[in-house]
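For reference, work_39.pdb is printed below; it contains PDB, C-alpha atoms.
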```
ATOM      1  CA  MET M   1       0.000   0.000   0.000
ATOM      2  CA  THR M   2       1.306   3.403  -0.938
ATOM      3  CA  ASN M   3       2.164   5.920   1.781
ATOM      4  CA  SER M   4      -0.536   8.453   0.898
ATOM      5  CA  ALA M   5      -1.452  11.498   2.982
ATOM      6  CA  LEU M   6      -5.057  10.960   1.895
ATOM      7  CA  LEU M   7      -5.047   7.395   3.210
ATOM      8  CA  THR M   8      -3.432   8.458   6.475
ATOM      9  CA  LYS M   9      -5.754  11.408   7.075
ATOM     10  CA  SER M  10      -8.905   9.493   6.149
ATOM     11  CA  LYS M  11      -7.993   6.677   8.560
ATOM     12  CA  ALA M  12      -7.321   9.232  11.306
ATOM     13  CA  LEU M  13     -10.687  10.821  10.512
ATOM     14  CA  ALA M  14     -12.426   7.452  10.889
ATOM     15  CA  LEU M  15     -10.804   6.916  14.284
ATOM     16  CA  GLU M  16     -11.798  10.427  15.404
ATOM     17  CA  VAL M  17     -15.383   9.819  14.254
ATOM     18  CA  ILE M  18     -15.542   6.550  16.201
ATOM     19  CA  ARG M  19     -14.178   8.252  19.334
ATOM     20  CA  LEU M  20     -16.580  11.186  19.030
ATOM     21  CA  CYS M  21     -19.599   8.955  18.422
ATOM     22  CA  ASN M  22     -18.763   6.740  21.396
ATOM     23  CA  GLU M  23     -18.353   9.835  23.560
ATOM     24  CA  VAL M  24     -21.690  11.318  22.446
ATOM     25  CA  LYS M  25     -23.491   8.000  22.889
ATOM     26  CA  SER M  26     -22.144   7.588  26.420
ATOM     27  CA  THR M  27     -23.005  11.097  27.608
ATOM     28  CA  LYS M  28     -26.019  12.254  25.587
ATOM     29  CA  LYS M  29     -27.459   8.888  24.558
ATOM     30  CA  GLU M  30     -27.823  10.120  20.950
ATOM     31  CA  THR M  31     -27.781   7.173  18.538
ATOM     32  CA  VAL M  32     -29.543   8.170  15.302
ATOM     33  CA  LEU M  33     -27.026  10.831  14.259
ATOM     34  CA  THR M  34     -24.013   8.967  15.620
ATOM     35  CA  ASN M  35     -24.936   5.740  13.825
ATOM     36  CA  GLN M  36     -25.219   7.629  10.546
ATOM     37  CA  LEU M  37     -21.912   9.395  11.184
ATOM     38  CA  ILE M  38     -20.063   6.171  11.982
ATOM     39  CA  ARG M  39     -21.262   4.642   8.701
ATOM     40  CA  SER M  40     -20.300   7.584   6.510
ATOM     41  CA  GLY M  41     -17.197   8.615   8.465
ATOM     42  CA  THR M  42     -15.586   5.195   8.285
ATOM     43  CA  SER M  43     -16.659   4.705   4.673
ATOM     44  CA  VAL M  44     -14.510   7.609   3.479
ATOM     45  CA  GLY M  45     -11.226   5.824   4.161
ATOM     46  CA  ALA M  46     -12.559   2.465   3.016
ATOM     47  CA  ASN M  47     -13.445   3.895  -0.395
ATOM     48  CA  ILE M  48     -10.106   5.682  -0.674
ATOM     49  CA  ARG M  49      -8.341   2.417   0.075
ATOM     50  CA  GLU M  50     -10.468   0.671  -2.555
ATOM     51  CA  ALA M  51      -9.477   3.343  -5.069
ATOM     52  CA  PHE M  52      -5.843   2.286  -4.801
ATOM     53  CA  TYR M  53      -6.877  -1.143  -6.096
ATOM     54  CA  ALA M  54      -9.134   0.185  -8.840
ATOM     55  CA  HIS M  55      -9.385  -1.350 -12.294
ATOM     56  CA  GLY M  56      -8.159   1.590 -14.307
ATOM     57  CA  LYS M  57      -8.255   5.347 -13.965
ATOM     58  CA  ALA M  58     -12.013   5.707 -14.430
ATOM     59  CA  ASN M  59     -12.686   3.253 -11.605
ATOM     60  CA  PHE M  60     -10.102   5.052  -9.443
ATOM     61  CA  ILE M  61     -11.943   8.348  -9.977
ATOM     62  CA  ALA M  62     -15.324   6.720  -9.304
ATOM     63  CA  LYS M  63     -14.116   5.344  -5.948
ATOM     64  CA  LEU M  64     -12.727   8.732  -4.943
ATOM     65  CA  GLN M  65     -16.040  10.345  -5.888
ATOM     66  CA  ILE M  66     -17.873   7.889  -3.623
ATOM     67  CA  ALA M  67     -15.428   8.779  -0.828
ATOM     68  CA  LEU M  68     -16.156  12.475  -1.471
ATOM     69  CA  LYS M  69     -19.911  11.890  -1.182
ATOM     70  CA  GLU M  70     -19.417  10.013   2.087
ATOM     71  CA  CYS M  71     -17.173  12.801   3.368
ATOM     72  CA  ALA M  72     -19.792  15.446   2.542
ATOM     73  CA  GLU M  73     -22.413  13.352   4.342
ATOM     74  CA  SER M  74     -20.140  13.035   7.373
ATOM     75  CA  GLU M  75     -19.707  16.792   7.387
ATOM     76  CA  TYR M  76     -23.496  17.148   7.535
ATOM     77  CA  TRP M  77     -23.879  14.758  10.495
ATOM     78  CA  LEU M  78     -21.037  16.508  12.319
ATOM     79  CA  GLU M  79     -22.698  19.884  11.775
ATOM     80  CA  LEU M  80     -25.962  18.523  13.208
ATOM     81  CA  LEU M  81     -24.189  17.124  16.268
ATOM     82  CA  ILE M  82     -22.440  20.441  16.871
ATOM     83  CA  GLU M  83     -25.428  22.686  16.167
ATOM     84  CA  GLY M  84     -27.702  20.353  18.141
ATOM     85  CA  ASP M  85     -25.438  20.771  21.183
ATOM     86  CA  TYR M  86     -24.488  17.105  21.332
ATOM     87  CA  THR M  87     -20.796  18.031  21.119
ATOM     88  CA  GLU M  88     -18.566  21.067  21.070
ATOM     89  CA  ASP M  89     -15.754  19.214  19.288
ATOM     90  CA  LYS M  90     -15.218  21.144  16.055
ATOM     91  CA  CYS M  91     -11.817  19.549  15.411
ATOM     92  CA  VAL M  92     -13.377  16.484  13.803
ATOM     93  CA  LEU M  93     -15.418  18.730  11.496
ATOM     94  CA  ALA M  94     -12.263  20.636  10.520
ATOM     95  CA  HIS M  95     -10.469  17.350   9.824
ATOM     96  CA  CYS M  96     -13.418  16.164   7.717
ATOM     97  CA  THR M  97     -13.336  19.392   5.708
ATOM     98  CA  GLU M  98      -9.596  18.958   5.144
ATOM     99  CA  VAL M  99     -10.091  15.422   3.829
ATOM    100  CA  LYS M 100     -12.916  16.678   1.596
ATOM    101  CA  ARG M 101     -10.632  19.332   0.083
ATOM    102  CA  MET M 102      -7.914  16.750  -0.490
ATOM    103  CA  LEU M 103     -10.420  14.470  -2.217
ATOM    104  CA  ILE M 104     -11.609  17.265  -4.492
ATOM    105  CA  ALA M 105      -8.012  18.086  -5.436
ATOM    106  CA  SER M 106      -7.199  14.408  -6.030
ATOM    107  CA  ILE M 107     -10.270  13.890  -8.204
ATOM    108  CA  ASN M 108      -9.484  16.991 -10.253
ATOM    109  CA  THR M 109      -5.878  15.872 -10.719
ATOM    110  CA  ALA M 110      -6.944  12.372 -11.718
ATOM    111  CA  LYS M 111      -9.491  13.755 -14.196
ATOM    112  CA  ASN M 112      -6.862  16.044 -15.751
ATOM    113  CA  ASN M 113      -4.476  13.098 -16.071
ATOM    114  CA  LEU M 114      -7.221  11.048 -17.739
ATOM    115  CA  LYS M 115      -7.349  13.448 -20.710
TER     116      LYS M 115
END
```
Can you present the structure in this file as structure tokens?
Amino acid sequence: MTNSALLTKSKALALEVIRLCNEVKSTKKETVLTNQLIRSGTSVGANIREAFYAHGKANFIAKLQIALKECAESEYWLELLIEGDYTEDKCVLAHCTEVKRMLIASINTAKNNLK
């Protein structure tokens, strides 16, 4: 497996999401939002990892686009948890936004290299 900043940051994001969700569940007993966030937040890195084993450039881009969609969804759930006063931890949201920006840049680069 390649030593990719995107892989490293997305895995760290997944671990942060798991920690945050466990913390919220234990203190506020919120499960609907946290269950959704765990699914999407851990899916980001899984799809990025899949992209590195893609069958061609088009499949690579498609996997990164799925990761981007999952990242945007995670951002939404994090915003709801913060704005709903379930957590004050904005660091995870900032990390999610960083991964989203990296995904956008990676997709754009891959698309330009496809031409």
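Computed from the coordinates, the CA of Ser43 in chain M to CA of Lys111 in chain M distance equals 22.1 Å.
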Using only C-alpha atoms, which protein or nucleic acid residues come within 10 Å of range 75-85 of chain M? Drop anything in the same chain fewer than 2 positions from it, and give the result as an mmCIF file with C-alpha atoms, in the frame of the given file.
```
data_model
loop_
_atom_site.group_PDB
_atom_site.id
_atom_site.type_symbol
_atom_site.label_atom_id
_atom_site.label_comp_id
_atom_site.auth_asym_id
_atom_site.auth_seq_id
_atom_site.Cartn_x
_atom_site.Cartn_y
_atom_site.Cartn_z
ATOM 1 C CA VAL M 17 -15.383 9.819 14.254
ATOM 2 C CA LEU M 20 -16.580 11.186 19.030
ATOM 3 C CA CYS M 21 -19.599 8.955 18.422
ATOM 4 C CA VAL M 24 -21.690 11.318 22.446
ATOM 5 C CA LYS M 28 -26.019 12.254 25.587
ATOM 6 C CA GLU M 30 -27.823 10.120 20.950
ATOM 7 C CA VAL M 32 -29.543 8.170 15.302
ATOM 8 C CA LEU M 33 -27.026 10.831 14.259
ATOM 9 C CA THR M 34 -24.013 8.967 15.620
ATOM 10 C CA ASN M 35 -24.936 5.740 13.825
ATOM 11 C CA GLN M 36 -25.219 7.629 10.546
ATOM 12 C CA LEU M 37 -21.912 9.395 11.184
ATOM 13 C CA ILE M 38 -20.063 6.171 11.982
ATOM 14 C CA SER M 40 -20.300 7.584 6.510
ATOM 15 C CA GLY M 41 -17.197 8.615 8.465
ATOM 16 C CA LYS M 69 -19.911 11.890 -1.182
ATOM 17 C CA GLU M 70 -19.417 10.013 2.087
ATOM 18 C CA CYS M 71 -17.173 12.801 3.368
ATOM 19 C CA ALA M 72 -19.792 15.446 2.542
ATOM 20 C CA GLU M 73 -22.413 13.352 4.342
ATOM 21 C CA THR M 87 -20.796 18.031 21.119
ATOM 22 C CA GLU M 88 -18.566 21.067 21.070
ATOM 23 C CA ASP M 89 -15.754 19.214 19.288
ATOM 24 C CA LYS M 90 -15.218 21.144 16.055
ATOM 25 C CA VAL M 92 -13.377 16.484 13.803
ATOM 26 C CA LEU M 93 -15.418 18.730 11.496
ATOM 27 C CA ALA M 94 -12.263 20.636 10.520
ATOM 28 C CA HIS M 95 -10.469 17.350 9.824
ATOM 29 C CA CYS M 96 -13.418 16.164 7.717
ATOM 30 C CA THR M 97 -13.336 19.392 5.708
ATOM 31 C CA LYS M 100 -12.916 16.678 1.596
#
```
Inset, instruction - Would you kindly identify which residues have an atom no farther than 12 Å from (-8.4, 14.7, -11.2), using all atoms listed in the file and the file's own coordinates, and write them out as a list in words? - result: Lys57, Ala58, Phe60, Ile61, Ala62, Leu64, Gln65, Met102, Leu103, Ile104, Ala105, Ser106, Ile107, Asn108, Thr109, Ala110, Lys111, Asn112, Asn113, Leu114 and Lys115 of chain M
Inset, instruction - Choose the residue, out of M:Val44, M:Thr31, M:Ile66, M:Phe52, that has the smallest atom-to-atom separation from Ala12 in chain M; count all atoms listed in the file. - result: M:Val44
Inset, instruction - Can you work out which one of M:Asn47, M:Leu68, M:Ala54, M:Tyr86 has the shortest atom-to-atom distance to Glu98 in chain M, counting all atoms listed in the file? - result: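 Of M:Asn47, M:Leu68, M:Ala54, M:Tyr86, the one nearest Glu98 in chain M is M:Leu68, counting all atoms listed in the file.
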Legend entry - Distance of CA of Ser74 in chain M from CA of Thr27 in chain M, expressed in Å to one decimal place: 20.5 Å
Produce the centre coordinates and the three edge lengths, each in Å to one decimal, of the box along x, y and z that contains all listed atoms of range 90-97 of chain M with 6 Å added on each side, as JSON.
```
{"center_x": -12.9, "center_y": 18.7, "center_z": 10.9, "size_x": 16.9, "size_y": 17.0, "size_z": 22.3}
```
Legend entry - Atom pair CA of Asn59 in chain M / CA of Leu7 in chain M: separation (Å):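 So the two atoms, CA of Asn59 in chain M and CA of Leu7 in chain M, lie 17.2 Å apart.
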Legend entry - Result set of the PyMOL selection byres ((chain M and resi 11) around 10) on the coordinates above, as a list in words: Ala5, Leu6, Leu7, Thr8, Lys9, Ser10, Ala12, Leu13, Ala14, Leu15, Glu16, Val17, Gly41, Thr42, Ser43, Val44, Gly45, Ala46, Ile48 and Arg49 of chain M
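When all atoms listed in the file are used to compute distances to Ala51 in chain M, the closest of the residues M:Lys25, M:Ser4, M:Arg39, M:Ile18 turns out to be M:Ser4.
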File output, range 11-30 of chain M (N, CA, C and O atoms) as a short mmCIF file (atom, residue, chain, number, x, y, z; two decimals), in the first residue's frame:
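To be explicit, this is the file written out as selection38.cif:
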```cif
data_model
loop_
_atom_site.label_atom_id
_atom_site.label_comp_id
_atom_site.auth_asym_id
_atom_site.auth_seq_id
_atom_site.Cartn_x
_atom_site.Cartn_y
_atom_site.Cartn_z
N LYS M 11 -7.97 7.67 7.48
CA LYS M 11 -7.99 6.68 8.56
C LYS M 11 -8.05 7.38 9.92
O LYS M 11 -8.80 6.96 10.81
N ALA M 12 -7.28 8.45 10.06
CA ALA M 12 -7.32 9.23 11.31
C ALA M 12 -8.71 9.84 11.51
O ALA M 12 -9.22 9.87 12.63
N LEU M 13 -9.33 10.28 10.42
CA LEU M 13 -10.69 10.82 10.51
C LEU M 13 -11.65 9.74 11.01
O LEU M 13 -12.48 10.00 11.89
N ALA M 14 -11.55 8.55 10.46
CA ALA M 14 -12.43 7.45 10.89
C ALA M 14 -12.27 7.18 12.39
O ALA M 14 -13.27 7.00 13.10
N LEU M 15 -11.04 7.16 12.86
CA LEU M 15 -10.80 6.92 14.28
C LEU M 15 -11.36 8.05 15.15
O LEU M 15 -11.93 7.80 16.22
N GLU M 16 -11.23 9.29 14.68
CA GLU M 16 -11.80 10.43 15.40
C GLU M 16 -13.32 10.35 15.44
O GLU M 16 -13.94 10.66 16.46
N VAL M 17 -13.92 9.96 14.33
CA VAL M 17 -15.38 9.82 14.25
C VAL M 17 -15.85 8.76 15.24
O VAL M 17 -16.82 8.97 15.97
N ILE M 18 -15.17 7.63 15.28
CA ILE M 18 -15.54 6.55 16.20
C ILE M 18 -15.46 7.04 17.65
O ILE M 18 -16.37 6.82 18.44
N ARG M 19 -14.35 7.72 17.98
CA ARG M 19 -14.18 8.25 19.33
C ARG M 19 -15.28 9.24 19.68
O ARG M 19 -15.91 9.14 20.74
N LEU M 20 -15.55 10.18 18.79
CA LEU M 20 -16.58 11.19 19.03
C LEU M 20 -17.95 10.55 19.21
O LEU M 20 -18.69 10.89 20.14
N CYS M 21 -18.28 9.60 18.34
CA CYS M 21 -19.60 8.95 18.42
C CYS M 21 -19.75 8.17 19.72
O CYS M 21 -20.81 8.21 20.36
N ASN M 22 -18.71 7.47 20.12
CA ASN M 22 -18.76 6.74 21.40
C ASN M 22 -18.93 7.69 22.57
O ASN M 22 -19.67 7.41 23.51
N GLU M 23 -18.25 8.83 22.51
CA GLU M 23 -18.35 9.83 23.56
C GLU M 23 -19.77 10.41 23.63
O GLU M 23 -20.35 10.52 24.71
N VAL M 24 -20.33 10.75 22.48
CA VAL M 24 -21.69 11.32 22.45
C VAL M 24 -22.70 10.29 22.93
O VAL M 24 -23.59 10.61 23.72
N LYS M 25 -22.56 9.05 22.47
CA LYS M 25 -23.49 8.00 22.89
C LYS M 25 -23.45 7.77 24.39
O LYS M 25 -24.48 7.52 25.02
N SER M 26 -22.27 7.87 24.99
CA SER M 26 -22.14 7.59 26.42
C SER M 26 -22.65 8.74 27.29
O SER M 26 -23.10 8.51 28.41
N THR M 27 -22.60 9.96 26.78
CA THR M 27 -23.00 11.10 27.61
C THR M 27 -24.39 11.63 27.27
O THR M 27 -25.14 12.01 28.15
N LYS M 28 -24.74 11.66 26.01
CA LYS M 28 -26.02 12.25 25.59
C LYS M 28 -27.04 11.22 25.13
O LYS M 28 -28.17 11.54 24.84
N LYS M 29 -26.60 10.00 24.98
CA LYS M 29 -27.46 8.89 24.56
C LYS M 29 -28.05 9.09 23.16
O LYS M 29 -29.09 8.55 22.84
N GLU M 30 -27.41 9.89 22.33
CA GLU M 30 -27.82 10.12 20.95
C GLU M 30 -27.31 8.97 20.09
O GLU M 30 -26.12 8.70 20.08
#
```
